[in-house]
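*Asks:* The following block contains the structure, expressed as structure tokens.
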Amino acid sequence: MIVCKFGGTSVGDAEAIARTASIIGARRERKPVVVVSALAGATNALLAIAEQSARGQLIGALAAIESLRERHLEQSQLLLAADQAVADDICAELSAMFDELAMLADALNTLGDLTPRSLDAIASLGEQMSSVLIVAAFKLRGLPAVHVDARHVVITDDAFTRAEPQPDAIAEATQRLVVPILRDGHIPVMGGYIGSAKSNTLGRGGSDYSASLVGAALQADAIEIWTDVDGMLTADPRVVQGSQLIERIAFDEASELASFGAKVLHPNTIAPAVTKGIPVWILNSRRPEGTGTLITFDAPRRPVTAIAGKSGVSLVKVRSARMLLTEGFMRRLFGVFERHKTSVDVVATSEVSVSVTIDDPSRLDALMVDLREHGDVTVERNRGIVSVVGTGLADGGKAMACALTAIGDIQVHMLSLSASGINLTVVVDGEQVIPAMQRLHAAFFGDSATCI
């Protein structure tokens, strides 16, 4: 049994969904469970509709709803043209969902307050719509698809926008609701991203996470993440020319790359698969014949496997003489970040100071107020992170020395080697992220690579 997750671009229109049906048709003997994202761009559109409505811009929000409705209905007609009765039924079901969306927008306009709960209620509609449409498309192409409501399977806590999955409850629900469908020779299809508490969500990129959670619960033979790129590459091809496909990569390397900027994979995806030792494939739905990338425990040990980078990072520095020989100081300091629900990426310490990077600055002002109780606080905005990742990075130190040489005269604000020794991270000015990535990639992977 395998779990196949299709991202937004893989179900973006009628043509893409037809390709998805062909991919699943070729995998029927492996008992696929299908997890789908919303149509490409739909989630962003839904979030914008929610924000417009809460700001009192109801006319604009309703116009956006009608535009999104027309897109879904148009693709439905194209996809289901072989059976007009089926097309009419699906269009009616989708229209009912858009009517619900319009009512939610009207309610938000009246209240003028966009709560996490109302945001999730709107955002989750994208996957609900796409999964209904895809089941109909599969059936029309001879695939025995059965719709499964993800809200009954991906059991979470009651949090909104960042729901926390409950693995034991998910395992029980999959055995009760999904396994019987597989035993009957059918293909379960569900939306990703959605949790169980009144249509809460797992956060952006949550469809990958849903697939991994379901795969772990079913102890699948493999999890396939179908996207619009050939797999994981040695760097983001949009910023680094000559990026190369990584055919096989270790779980911990893939997890580090996802956390530090690799767009092809959501950071949370790997964790459930690692727990169960389930291999994860990254494949291109536009070129299903490609080899893709296999993420597994059994991968080559390389000094450097890939380069990742991201901008829009804030660097927070706390300096306090009280740190010196004081028990519990770090626990109290990081307790502040926990209270403000702000995650920390990179950490560096000295005798009397701590520096951390954060991605989400939305709670930064309130965070600084509490941090000042522990010492002098400074914040440097518009920073970026560049990471050099490889399981053999720390072997002998040659690769790390070469990486620092390649960076050259680019100013480094912070430097950190991960506890596992597979990730060397540098914090630079935001506008220097791309030049740093390009220099590092040329040094390790270029035609005239000096760090081989």
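Residue names in the structure tokens use chain letters A, B, ... in the order shown, residue numbers from 1 in each chain, and ligand numbers from 1 in the order shown.
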Counting only C-alpha atoms, what are the residues of range 170-276 of chain A within 9 Å of range 155-158 of chain A, and for each of them which pair of atoms is the nearest and at what distance in Å, to one decimal? Sort the table by chain and rising number, as JSON lines.
*Replies:*
```
{"residue": "A:Ile170", "atom": "CA", "partner": "A:Ile155", "partner_atom": "CA", "distance": 5.4}
{"residue": "A:Ala173", "atom": "CA", "partner": "A:Ile155", "partner_atom": "CA", "distance": 7.9}
{"residue": "A:Gly195", "atom": "CA", "partner": "A:Thr156", "partner_atom": "CA", "distance": 5.7}
{"residue": "A:Ser196", "atom": "CA", "partner": "A:Ile155", "partner_atom": "CA", "distance": 5.0}
{"residue": "A:Ala197", "atom": "CA", "partner": "A:Asp158", "partner_atom": "CA", "distance": 5.4}
{"residue": "A:Lys198", "atom": "CA", "partner": "A:Asp158", "partner_atom": "CA", "distance": 8.3}
{"residue": "A:Asn200", "atom": "CA", "partner": "A:Asp158", "partner_atom": "CA", "distance": 7.7}
{"residue": "A:Thr201", "atom": "CA", "partner": "A:Thr156", "partner_atom": "CA", "distance": 8.9}
{"residue": "A:Leu202", "atom": "CA", "partner": "A:Thr156", "partner_atom": "CA", "distance": 8.6}
```
*Asks:* May I have the residues within 12 Å of Arg372 in chain A as an mmCIF file with N, CA and C atoms, in the first residue's frame, using only C-alpha atoms and disregarding those fewer than 5 positions away in the same chain?
*Replies:*
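Contents of part_2.cif, freshly written:
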```cif
data_model
loop_
_atom_site.group_PDB
_atom_site.id
_atom_site.type_symbol
_atom_site.label_atom_id
_atom_site.label_comp_id
_atom_site.auth_asym_id
_atom_site.auth_seq_id
_atom_site.Cartn_x
_atom_site.Cartn_y
_atom_site.Cartn_z
ATOM 1 N N VAL A 316 17.519 37.927 16.641
ATOM 2 C CA VAL A 316 17.272 38.475 17.974
ATOM 3 C C VAL A 316 18.461 38.143 18.872
ATOM 4 N N LYS A 317 19.013 39.176 19.497
ATOM 5 C CA LYS A 317 20.171 38.986 20.377
ATOM 6 C C LYS A 317 19.819 39.431 21.794
ATOM 7 N N VAL A 318 20.110 38.581 22.757
ATOM 8 C CA VAL A 318 19.883 38.897 24.166
ATOM 9 C C VAL A 318 21.224 38.809 24.882
ATOM 10 N N ARG A 319 21.601 39.906 25.520
ATOM 11 C CA ARG A 319 22.877 39.948 26.237
ATOM 12 C C ARG A 319 22.614 40.225 27.715
ATOM 13 N N SER A 320 23.204 39.385 28.568
ATOM 14 C CA SER A 320 22.982 39.552 30.000
ATOM 15 C C SER A 320 24.143 38.947 30.783
ATOM 16 N N LEU A 333 14.675 31.851 29.456
ATOM 17 C CA LEU A 333 14.730 32.663 28.246
ATOM 18 C C LEU A 333 13.884 32.034 27.125
ATOM 19 N N VAL A 336 10.101 32.268 27.207
ATOM 20 C CA VAL A 336 9.467 33.470 26.655
ATOM 21 C C VAL A 336 9.004 33.195 25.220
ATOM 22 N N ASP A 365 7.239 42.342 18.660
ATOM 23 C CA ASP A 365 7.191 43.484 19.582
ATOM 24 C C ASP A 365 6.854 43.027 21.000
ATOM 25 N N ALA A 366 5.841 42.182 21.123
ATOM 26 C CA ALA A 366 5.466 41.669 22.446
ATOM 27 C C ALA A 366 6.567 40.773 23.014
ATOM 28 N N LEU A 367 7.216 40.033 22.143
ATOM 29 C CA LEU A 367 8.306 39.152 22.555
ATOM 30 C C LEU A 367 9.456 39.947 23.155
ATOM 31 N N VAL A 377 18.222 43.628 24.742
ATOM 32 C CA VAL A 377 17.722 42.951 23.534
ATOM 33 C C VAL A 377 17.925 43.840 22.320
ATOM 34 N N THR A 378 18.457 43.272 21.254
ATOM 35 C CA THR A 378 18.530 43.961 19.972
ATOM 36 C C THR A 378 17.936 43.046 18.893
ATOM 37 N N VAL A 379 17.352 43.681 17.892
ATOM 38 C CA VAL A 379 16.743 42.928 16.793
ATOM 39 C C VAL A 379 17.311 43.442 15.477
#
```
*Asks:* Could you give me, as number ranges by chain, the residues within 10 Å of Gly215 in chain A, counting only C-alpha atoms and dropping anything in the same chain fewer than 2 positions from it?
*Replies:* A: 1-4, 33, 171, 174, 209-213, 217-224, 272-273, 276, 278, 280
*Asks:* Write to file, as a JSON list (two decimals), in the first residue's frame, the residues of the selection just made, with N, CA and C atoms.
*Replies:*
```
[["chain", "number", "residue", "atom", "x", "y", "z"],
["A", 1, "MET", "N", 0.85, -1.19, 0.00],
["A", 1, "MET", "CA", 0.00, 0.00, 0.00],
["A", 1, "MET", "C", 0.89, 1.24, 0.00],
["A", 2, "ILE", "N", 0.50, 2.24, -0.78],
["A", 2, "ILE", "CA", 1.26, 3.49, -0.86],
["A", 2, "ILE", "C", 0.31, 4.66, -0.66],
["A", 3, "VAL", "N", 0.86, 5.78, -0.22],
["A", 3, "VAL", "CA", 0.11, 7.02, -0.11],
["A", 3, "VAL", "C", 0.67, 7.98, -1.17],
["A", 4, "CYS", "N", -0.21, 8.50, -2.01],
["A", 4, "CYS", "CA", 0.19, 9.42, -3.08],
["A", 4, "CYS", "C", -0.43, 10.79, -2.81],
["A", 33, "VAL", "N", -3.55, 5.18, -1.66],
["A", 33, "VAL", "CA", -4.41, 6.12, -0.94],
["A", 33, "VAL", "C", -4.02, 7.50, -1.42],
["A", 171, "ALA", "N", -4.31, 6.83, 13.71],
["A", 171, "ALA", "CA", -4.12, 5.41, 13.40],
["A", 171, "ALA", "C", -5.43, 4.64, 13.55],
["A", 174, "THR", "N", -7.83, 5.65, 10.62],
["A", 174, "THR", "CA", -7.46, 5.08, 9.32],
["A", 174, "THR", "C", -7.79, 3.60, 9.25],
["A", 209, "TYR", "N", 2.00, 17.12, 5.06],
["A", 209, "TYR", "CA", 1.96, 16.60, 6.42],
["A", 209, "TYR", "C", 0.83, 15.58, 6.56],
["A", 210, "SER", "N", -0.33, 15.90, 6.00],
["A", 210, "SER", "CA", -1.46, 14.97, 6.03],
["A", 210, "SER", "C", -1.08, 13.62, 5.42],
["A", 211, "ALA", "N", -0.43, 13.67, 4.27],
["A", 211, "ALA", "CA", -0.04, 12.44, 3.58],
["A", 211, "ALA", "C", 0.91, 11.61, 4.43],
["A", 212, "SER", "N", 1.86, 12.27, 5.07],
["A", 212, "SER", "CA", 2.83, 11.57, 5.90],
["A", 212, "SER", "C", 2.16, 10.98, 7.14],
["A", 213, "LEU", "N", 1.23, 11.71, 7.73],
["A", 213, "LEU", "CA", 0.51, 11.21, 8.90],
["A", 213, "LEU", "C", -0.32, 9.98, 8.55],
["A", 217, "ALA", "N", 0.25, 6.14, 9.78],
["A", 217, "ALA", "CA", -0.85, 5.43, 10.44],
["A", 217, "ALA", "C", -1.15, 4.09, 9.77],
["A", 218, "LEU", "N", -0.99, 4.05, 8.45],
["A", 218, "LEU", "CA", -1.26, 2.82, 7.69],
["A", 218, "LEU", "C", -0.02, 1.95, 7.53],
["A", 219, "GLN", "N", 1.13, 2.45, 8.02],
["A", 219, "GLN", "CA", 2.41, 1.77, 7.84],
["A", 219, "GLN", "C", 2.61, 1.43, 6.36],
["A", 220, "ALA", "N", 2.49, 2.45, 5.54],
["A", 220, "ALA", "CA", 2.56, 2.30, 4.08],
["A", 220, "ALA", "C", 3.94, 1.83, 3.65],
["A", 221, "ASP", "N", 3.99, 1.24, 2.47],
["A", 221, "ASP", "CA", 5.27, 0.82, 1.90],
["A", 221, "ASP", "C", 6.06, 2.03, 1.42],
["A", 222, "ALA", "N", 5.37, 3.09, 1.01],
["A", 222, "ALA", "CA", 6.04, 4.31, 0.55],
["A", 222, "ALA", "C", 5.05, 5.45, 0.55],
["A", 223, "ILE", "N", 5.59, 6.66, 0.63],
["A", 223, "ILE", "CA", 4.80, 7.89, 0.48],
["A", 223, "ILE", "C", 5.35, 8.63, -0.72],
["A", 224, "GLU", "N", 4.47, 8.96, -1.65],
["A", 224, "GLU", "CA", 4.89, 9.68, -2.86],
["A", 224, "GLU", "C", 4.33, 11.09, -2.82],
["A", 272, "PRO", "N", 6.69, 12.04, 10.58],
["A", 272, "PRO", "CA", 5.96, 10.78, 10.73],
["A", 272, "PRO", "C", 6.56, 9.63, 9.93],
["A", 273, "ALA", "N", 7.10, 9.94, 8.75],
["A", 273, "ALA", "CA", 7.72, 8.90, 7.93],
["A", 273, "ALA", "C", 8.98, 8.36, 8.59],
["A", 276, "LYS", "N", 8.33, 5.76, 11.34],
["A", 276, "LYS", "CA", 7.97, 4.42, 10.87],
["A", 276, "LYS", "C", 8.98, 3.87, 9.85],
["A", 278, "ILE", "N", 9.42, 4.89, 6.77],
["A", 278, "ILE", "CA", 8.76, 4.78, 5.46],
["A", 278, "ILE", "C", 9.50, 5.65, 4.44],
["A", 280, "VAL", "N", 10.18, 8.07, 1.37],
["A", 280, "VAL", "CA", 9.38, 9.13, 0.75],
["A", 280, "VAL", "C", 9.98, 9.46, -0.62]]
```
*Asks:* Excluding Ala45 in chain A and residues on its chain fewer than 5 positions from it, collect all residues at most 12 Å away from it, counting only C-alpha atoms, and give them as a PyMOL selection string.
*Replies:* chain A and resi 38-40+50-52+60-69+71+101+122-126
*Asks:* Pick out the residues sitting within 12 Å of Thr450 in chain A, and hand them over as a PyMOL selection string; count only C-alpha atoms, and ignore anything fewer than 3 positions along from it in its own chain.
*Replies:* chain A and resi 398-399+401-403+405-406+439-447
*Asks:* Keeping only N, CA and C atoms, write those residues as a JSON list (two decimals), in the first residue's frame.
*Replies:*
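Dumped everything to selection-v2.json:
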```json
[["chain", "number", "residue", "atom", "x", "y", "z"],
["A", 398, "LYS", "N", 37.16, 19.61, 6.26],
["A", 398, "LYS", "CA", 37.55, 20.22, 4.99],
["A", 398, "LYS", "C", 36.38, 20.91, 4.30],
["A", 399, "ALA", "N", 35.21, 20.26, 4.31],
["A", 399, "ALA", "CA", 34.04, 20.84, 3.64],
["A", 399, "ALA", "C", 33.62, 22.15, 4.29],
["A", 401, "ALA", "N", 35.53, 24.26, 6.00],
["A", 401, "ALA", "CA", 36.53, 25.28, 5.68],
["A", 401, "ALA", "C", 36.35, 25.78, 4.25],
["A", 402, "CYS", "N", 36.04, 24.86, 3.36],
["A", 402, "CYS", "CA", 35.85, 25.25, 1.96],
["A", 402, "CYS", "C", 34.60, 26.11, 1.80],
["A", 403, "ALA", "N", 33.55, 25.79, 2.57],
["A", 403, "ALA", "CA", 32.31, 26.57, 2.50],
["A", 403, "ALA", "C", 32.55, 28.01, 2.95],
["A", 405, "THR", "N", 35.35, 29.60, 2.93],
["A", 405, "THR", "CA", 36.20, 30.25, 1.93],
["A", 405, "THR", "C", 35.36, 30.71, 0.74],
["A", 406, "ALA", "N", 34.40, 29.88, 0.34],
["A", 406, "ALA", "CA", 33.57, 30.20, -0.83],
["A", 406, "ALA", "C", 32.70, 31.43, -0.57],
["A", 439, "ARG", "N", 27.62, 31.22, -4.81],
["A", 439, "ARG", "CA", 29.05, 30.95, -4.58],
["A", 439, "ARG", "C", 29.26, 29.55, -4.02],
["A", 440, "LEU", "N", 28.45, 29.18, -3.06],
["A", 440, "LEU", "CA", 28.60, 27.86, -2.43],
["A", 440, "LEU", "C", 28.30, 26.74, -3.43],
["A", 441, "HIS", "N", 27.26, 26.92, -4.22],
["A", 441, "HIS", "CA", 26.92, 25.87, -5.20],
["A", 441, "HIS", "C", 28.03, 25.73, -6.24],
["A", 442, "ALA", "N", 28.56, 26.83, -6.68],
["A", 442, "ALA", "CA", 29.66, 26.78, -7.66],
["A", 442, "ALA", "C", 30.87, 26.06, -7.07],
["A", 443, "ALA", "N", 31.13, 26.30, -5.79],
["A", 443, "ALA", "CA", 32.30, 25.69, -5.15],
["A", 443, "ALA", "C", 32.15, 24.18, -4.99],
["A", 444, "PHE", "N", 30.92, 23.71, -4.71],
["A", 444, "PHE", "CA", 30.73, 22.29, -4.45],
["A", 444, "PHE", "C", 30.19, 21.50, -5.64],
["A", 445, "PHE", "N", 29.46, 22.17, -6.54],
["A", 445, "PHE", "CA", 28.79, 21.42, -7.61],
["A", 445, "PHE", "C", 29.06, 21.98, -9.00],
["A", 446, "GLY", "N", 29.75, 23.10, -9.13],
["A", 446, "GLY", "CA", 29.97, 23.72, -10.43],
["A", 446, "GLY", "C", 30.95, 22.97, -11.30],
["A", 447, "ASP", "N", 31.03, 23.35, -12.55],
["A", 447, "ASP", "CA", 31.96, 22.70, -13.49],
["A", 447, "ASP", "C", 33.41, 22.85, -13.03]]
```
*Asks:* Using only C-alpha atoms, which of the listed residues (A:Leu119, A:Leu265, A:Ile49, A:Leu94) sits closest to Glu70 in chain A?
*Replies:*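 Of the candidates, the smallest distance to Glu70 in chain A is held by A:Leu94.
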*Asks:* Give me every strand (DSSP E) residue in range 353-419 of chain A, going by DSSP on the backbone, as a list in words.
*Replies:* Ser353, Val354, Ser355, Val356, Thr357, Ile358, Asp376, Val377, Thr378, Val379, Glu380, Arg381, Asn382, Arg383, Gly384, Ile385, Val386, Ser387, Val388, Val389, Met414, Leu415, Ser416 and Leu417 of chain A
*Asks:* Tell me which protein, DNA and RNA residues are within 6 Å of Gln75 in chain A, counting only C-alpha atoms, leaving out same-chain ones fewer than 4 positions away, and put them as a list in words.
*Replies:* Asp13, Ala14 and Leu79 of chain A
*Asks:* Using DSSP assignments from the backbone, pull out every residue in range 213-391 of chain A that falls under alpha helix (DSSP H) and give it to me as a PyMOL selection string.
*Replies:* chain A and resi 213-218+251-259+270-276+329-339+364-371
*Asks:* Store the residues picked out above in a file with N, CA and C atoms, as a short mmCIF file (atom, residue, chain, number, x, y, z; two decimals), in the first residue's frame.
*Replies:*
```
data_model
loop_
_atom_site.label_atom_id
_atom_site.label_comp_id
_atom_site.auth_asym_id
_atom_site.auth_seq_id
_atom_site.Cartn_x
_atom_site.Cartn_y
_atom_site.Cartn_z
N LEU A 213 1.23 11.71 7.73
CA LEU A 213 0.51 11.21 8.90
C LEU A 213 -0.32 9.98 8.55
N VAL A 214 -1.01 10.05 7.42
CA VAL A 214 -1.83 8.91 6.98
C VAL A 214 -0.93 7.73 6.61
N GLY A 215 0.19 8.01 5.93
CA GLY A 215 1.12 6.94 5.58
C GLY A 215 1.67 6.25 6.80
N ALA A 216 2.03 7.03 7.82
CA ALA A 216 2.55 6.44 9.05
C ALA A 216 1.47 5.62 9.76
N ALA A 217 0.25 6.14 9.78
CA ALA A 217 -0.85 5.43 10.44
C ALA A 217 -1.15 4.09 9.77
N LEU A 218 -0.99 4.05 8.45
CA LEU A 218 -1.26 2.82 7.69
C LEU A 218 -0.02 1.95 7.53
N PHE A 251 17.02 10.96 5.39
CA PHE A 251 15.90 11.63 6.05
C PHE A 251 16.34 12.92 6.72
N ASP A 252 17.44 12.84 7.50
CA ASP A 252 17.84 14.03 8.26
C ASP A 252 18.32 15.15 7.34
N GLU A 253 18.96 14.81 6.22
CA GLU A 253 19.36 15.84 5.27
C GLU A 253 18.14 16.53 4.66
N ALA A 254 17.15 15.73 4.25
CA ALA A 254 15.94 16.29 3.64
C ALA A 254 15.20 17.18 4.63
N SER A 255 15.15 16.75 5.88
CA SER A 255 14.47 17.53 6.91
C SER A 255 15.16 18.87 7.13
N GLU A 256 16.48 18.86 7.18
CA GLU A 256 17.24 20.11 7.35
C GLU A 256 17.00 21.04 6.16
N LEU A 257 17.05 20.50 4.95
CA LEU A 257 16.86 21.33 3.76
C LEU A 257 15.46 21.93 3.73
N ALA A 258 14.46 21.14 4.12
CA ALA A 258 13.09 21.66 4.14
C ALA A 258 12.95 22.78 5.16
N SER A 259 13.58 22.62 6.31
CA SER A 259 13.48 23.63 7.37
C SER A 259 14.19 24.92 7.00
N ILE A 270 8.54 15.03 6.89
CA ILE A 270 9.43 13.92 7.14
C ILE A 270 9.16 13.20 8.46
N ALA A 271 8.82 13.95 9.51
CA ALA A 271 8.79 13.37 10.86
C ALA A 271 7.97 12.09 10.99
N PRO A 272 6.69 12.04 10.58
CA PRO A 272 5.96 10.78 10.73
C PRO A 272 6.56 9.63 9.93
N ALA A 273 7.10 9.94 8.75
CA ALA A 273 7.72 8.90 7.93
C ALA A 273 8.98 8.36 8.59
N VAL A 274 9.77 9.24 9.19
CA VAL A 274 10.99 8.82 9.90
C VAL A 274 10.63 7.87 11.03
N THR A 275 9.59 8.21 11.77
CA THR A 275 9.18 7.39 12.92
C THR A 275 8.92 5.94 12.51
N LYS A 276 8.33 5.76 11.34
CA LYS A 276 7.97 4.42 10.87
C LYS A 276 8.98 3.87 9.85
N PHE A 329 18.92 29.78 33.39
CA PHE A 329 18.71 31.01 32.63
C PHE A 329 18.16 30.71 31.23
N MET A 330 18.76 29.73 30.57
CA MET A 330 18.34 29.42 29.20
C MET A 330 16.90 28.89 29.18
N ARG A 331 16.55 28.10 30.18
CA ARG A 331 15.18 27.59 30.25
C ARG A 331 14.19 28.74 30.36
N ARG A 332 14.49 29.71 31.21
CA ARG A 332 13.58 30.85 31.37
C ARG A 332 13.53 31.69 30.09
N LEU A 333 14.67 31.85 29.46
CA LEU A 333 14.73 32.66 28.25
C LEU A 333 13.88 32.03 27.12
N PHE A 334 14.06 30.75 26.90
CA PHE A 334 13.30 30.10 25.82
C PHE A 334 11.84 29.89 26.21
N GLY A 335 11.55 29.97 27.51
CA GLY A 335 10.16 29.94 27.93
C GLY A 335 9.39 31.15 27.41
N VAL A 336 10.10 32.27 27.21
CA VAL A 336 9.47 33.47 26.66
C VAL A 336 9.00 33.19 25.22
N PHE A 337 9.85 32.56 24.44
CA PHE A 337 9.48 32.22 23.06
C PHE A 337 8.29 31.25 23.05
N GLU A 338 8.30 30.33 23.98
CA GLU A 338 7.19 29.37 24.05
C GLU A 338 5.87 30.07 24.37
N ARG A 339 5.90 30.99 25.33
CA ARG A 339 4.67 31.70 25.71
C ARG A 339 4.12 32.51 24.54
N LEU A 364 6.85 39.78 17.42
CA LEU A 364 8.18 40.24 17.82
C LEU A 364 8.13 41.37 18.83
N ASP A 365 7.24 42.34 18.66
CA ASP A 365 7.19 43.48 19.58
C ASP A 365 6.85 43.03 21.00
N ALA A 366 5.84 42.18 21.12
CA ALA A 366 5.47 41.67 22.45
C ALA A 366 6.57 40.77 23.01
N LEU A 367 7.22 40.03 22.14
CA LEU A 367 8.31 39.15 22.55
C LEU A 367 9.46 39.95 23.15
N MET A 368 9.79 41.08 22.54
CA MET A 368 10.90 41.89 23.02
C MET A 368 10.62 42.45 24.41
N VAL A 369 9.38 42.80 24.68
CA VAL A 369 9.03 43.33 26.00
C VAL A 369 9.38 42.33 27.09
N ASP A 370 9.01 41.06 26.87
CA ASP A 370 9.28 40.04 27.89
C ASP A 370 10.76 39.66 27.91
N LEU A 371 11.42 39.67 26.75
CA LEU A 371 12.83 39.32 26.72
C LEU A 371 13.68 40.34 27.48
#
```
*Asks:* Tell me which of A:Gly430, A:Gly205, A:Gly312, A:Pro116 sits closest to Phe6 in chain A, counting only C-alpha atoms.
*Replies:* A:Gly205
*Asks:* Would you mind reading off the distance between CA of Ala169 in chain A and CA of Trp281 in chain A, one decimal, in Å?
*Replies:*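 Distance between the two atoms: 25.6 Å.
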*Asks:* Please indicate the distance in Å from CA of His152 in chain A to CA of Asp208 in chain A, rounded to one decimal place.
*Replies:* 17.6 Å
*Asks:* Looking at A:Val34, A:Val178, A:Val389, A:Val346, which one is nearest to Ser131 in chain A, with distances taken over only C-alpha atoms?
*Replies:* A:Val34
*Asks:* Between A:Ser418, A:Ser343, A:Ser53, A:Gln432, which has the minimum distance to Val356 in chain A (counting only C-alpha atoms)?
*Replies:* A:Ser343
*Asks:* Can you list, as a ChimeraX atom specification, every protein, DNA or RNA residue that comes within 10 Å of Leu177 in chain A when you count only C-alpha atoms, leaving out same-chain residues fewer than 6 positions away?
*Replies:* /A:148-149,152-153,188
*Asks:* So the first atom is CA of His147 in chain A and the second is CA of Val36 in chain A; what is the distance between them in Å, to one decimal place?
*Replies:*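 CA of His147 in chain A sits 11.3 Å away from CA of Val36 in chain A.
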*Asks:* Which residue gives the smallest distance to Ala137 in chain A among A:His186, A:Arg151, A:Arg363, A:Arg19, with only C-alpha atoms counted?
*Replies:* A:Arg19
